[in-house]
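*Asks:* Starting off with a structure, shown below.
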Amino acid sequence: MKQDCNLPIGVFDSGIGGLTVVRQLKRVMPREDFVYLGDTARVPYGTKSPETVIRFACEDTQFLVQEGVKAVVVACNTASAWAIPTLERSFDVPVFGVILPGARAALEKSETGRIGIIGTTSTIRSQAYVKAILARDDEVRVVARACPLLVPLVEEGWVQHDVARTVLKEYLAPLLKQKIDALVLGCTHYPLLKPLIAEVVGKGVKLVDSAEACAEDVHERLGALKLLATRRRRDGVFLPFVTDEVERFNELSQRFLGFPAERAVLVTLSPWDRRRKGQHLSDFLMR
Ligand code: DGL
């Protein structure tokens with residue numbers, strides 16, 4: 001089914017981190033409208049099983065599709081790592097993720113063919129980045145490491161803190177030992193740690209921002225599908241939805257997004273809540 005090119009682009013993440021991807025999408029496509037869903041009620045995805053991540057990703061996508069988006073960007077690395085094939089099979093809209101663009105960017109940036117990947121426990125367990133890189137060049141060497149402490153550190157705002165520096169040194173030591181010359185930031189939160197990561201890895205290691213690579217890929221592929229907005233307006237609209245705690249989102253969003261966001265709207269994805277509403281109605285009708 002051909003979508004209307006002037007509909008918004010849907011973006012979802014497990015929570016607030018996906019705003020780093022929105023930031024890059026807006027940089028590349030300032031005129032597009034974006035509808036964002038942060039599943040803050042069920043964050044983190046990075047510690048959950050593949051089955052659960054896939055189910056959540058389907059529910060998130062369904063919400064966005066019902067909102068009437070022309071395409072869906074899976075900003076969450078963990079959801080991208082596990083759910084893209086299921087989403088492509090299950091929905092009619094084009095689906096874009098962060099893994100393939102990040103993998104391609106790593107291969108472009110690395111000169112020695114020694115590439116490091118960092119991400120959540122679930123992303124690393126999926127081996128999605130490793131497989132995507134090796135599928136394009138099986139001569140490179142890829143070392144991956146889960147860094148579960150980084151997401152809470154970023155949300156705490158400790159992006160220049162000594163604790164974060166110590167944690168990064170510990171996580172990155174084995175990768176540096178393998179003499180990587182490119183490091184994929186395979187998680188929505190890591191772009192906020194870029195200055196500290198750059199300091200820890202030193203000049204010889206190039207950082208690969210999967211959010212940046214994803215935004216460029218979405219732009220190119222929407223163009224090829226003739227789905228870039230054609231209406232004349234200077235700035236697109238950004239509409240955020242969350243599944244929990246609007247206040248926390250509103251507090252943190254600017255740091256991830258780089259500009260002040262609209263206030264988020266609280267929504268529920270739970271079939272139970274929807275059923276409960278239905279029950280109230282039928283109870284009423286039966287009286
Ligand atoms: N958004 C997730 C990712 O990029 C990080 C937070 C989480 O674990 O849900 O993998």
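Identifiers for the structure tokens are assigned positionally: chains receive A, B, ... in sequence, residues are indexed from 1 per chain, and ligands are indexed from 1 in the order shown.
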Residues of chain A that have any atom at most 6 Å from an atom of ligand 1: could you tabulate them with the shortest-distance atom pair and the distance in Å to one decimal, using only C-alpha atoms and all ligand atoms, ordered by chain and increasing number, as CSV?
*Replies:*
residue,atom,partner,partner_atom_place_in_ligand_line,distance
A:Asp13,CA,ligand 1,1 (N),5.6
A:Ser14,CA,ligand 1,9 (O),4.7
A:Gly17,CA,ligand 1,1 (N),5.3
A:Val43,CA,ligand 1,9 (O),4.9
A:Pro44,CA,ligand 1,9 (O),3.3
A:Tyr45,CA,ligand 1,9 (O),3.7
A:Gly46,CA,ligand 1,8 (O),3.3
A:Cys76,CA,ligand 1,4 (O),4.0
A:Asn77,CA,ligand 1,4 (O),3.8
A:Thr78,CA,ligand 1,10 (O),4.0
A:Thr120,CA,ligand 1,10 (O),5.4
A:Cys187,CA,ligand 1,4 (O),3.6
A:Thr188,CA,ligand 1,4 (O),4.0
*Asks:* Which residues are close to Arg31 (chain A), i.e. within 6 Å by only C-alpha atoms, leaving aside same-chain residues fewer than 3 positions away? Reply as number ranges by chain.
*Replies:* A: 234-236
*Asks:* What is the distance, in Å and to one decimal place, between CA of Gln62 (chain A) and CA of Val267 (chain A)?
*Replies:*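 Distance between the two atoms: 13.0 Å.
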*Asks:* For CA of Phe241 (chain A) and CA of Gly38 (chain A), determine how far apart the two atoms are, in Å to one decimal place.
*Replies:* 6.3 Å
*Asks:* Please, what distance in Å, to one decimal, runs between CA of Lys131 (chain A) and CA of Lys179 (chain A)?
*Replies:*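 Interatomic distance, CA of Lys131 (chain A) to CA of Lys179 (chain A): 20.0 Å.
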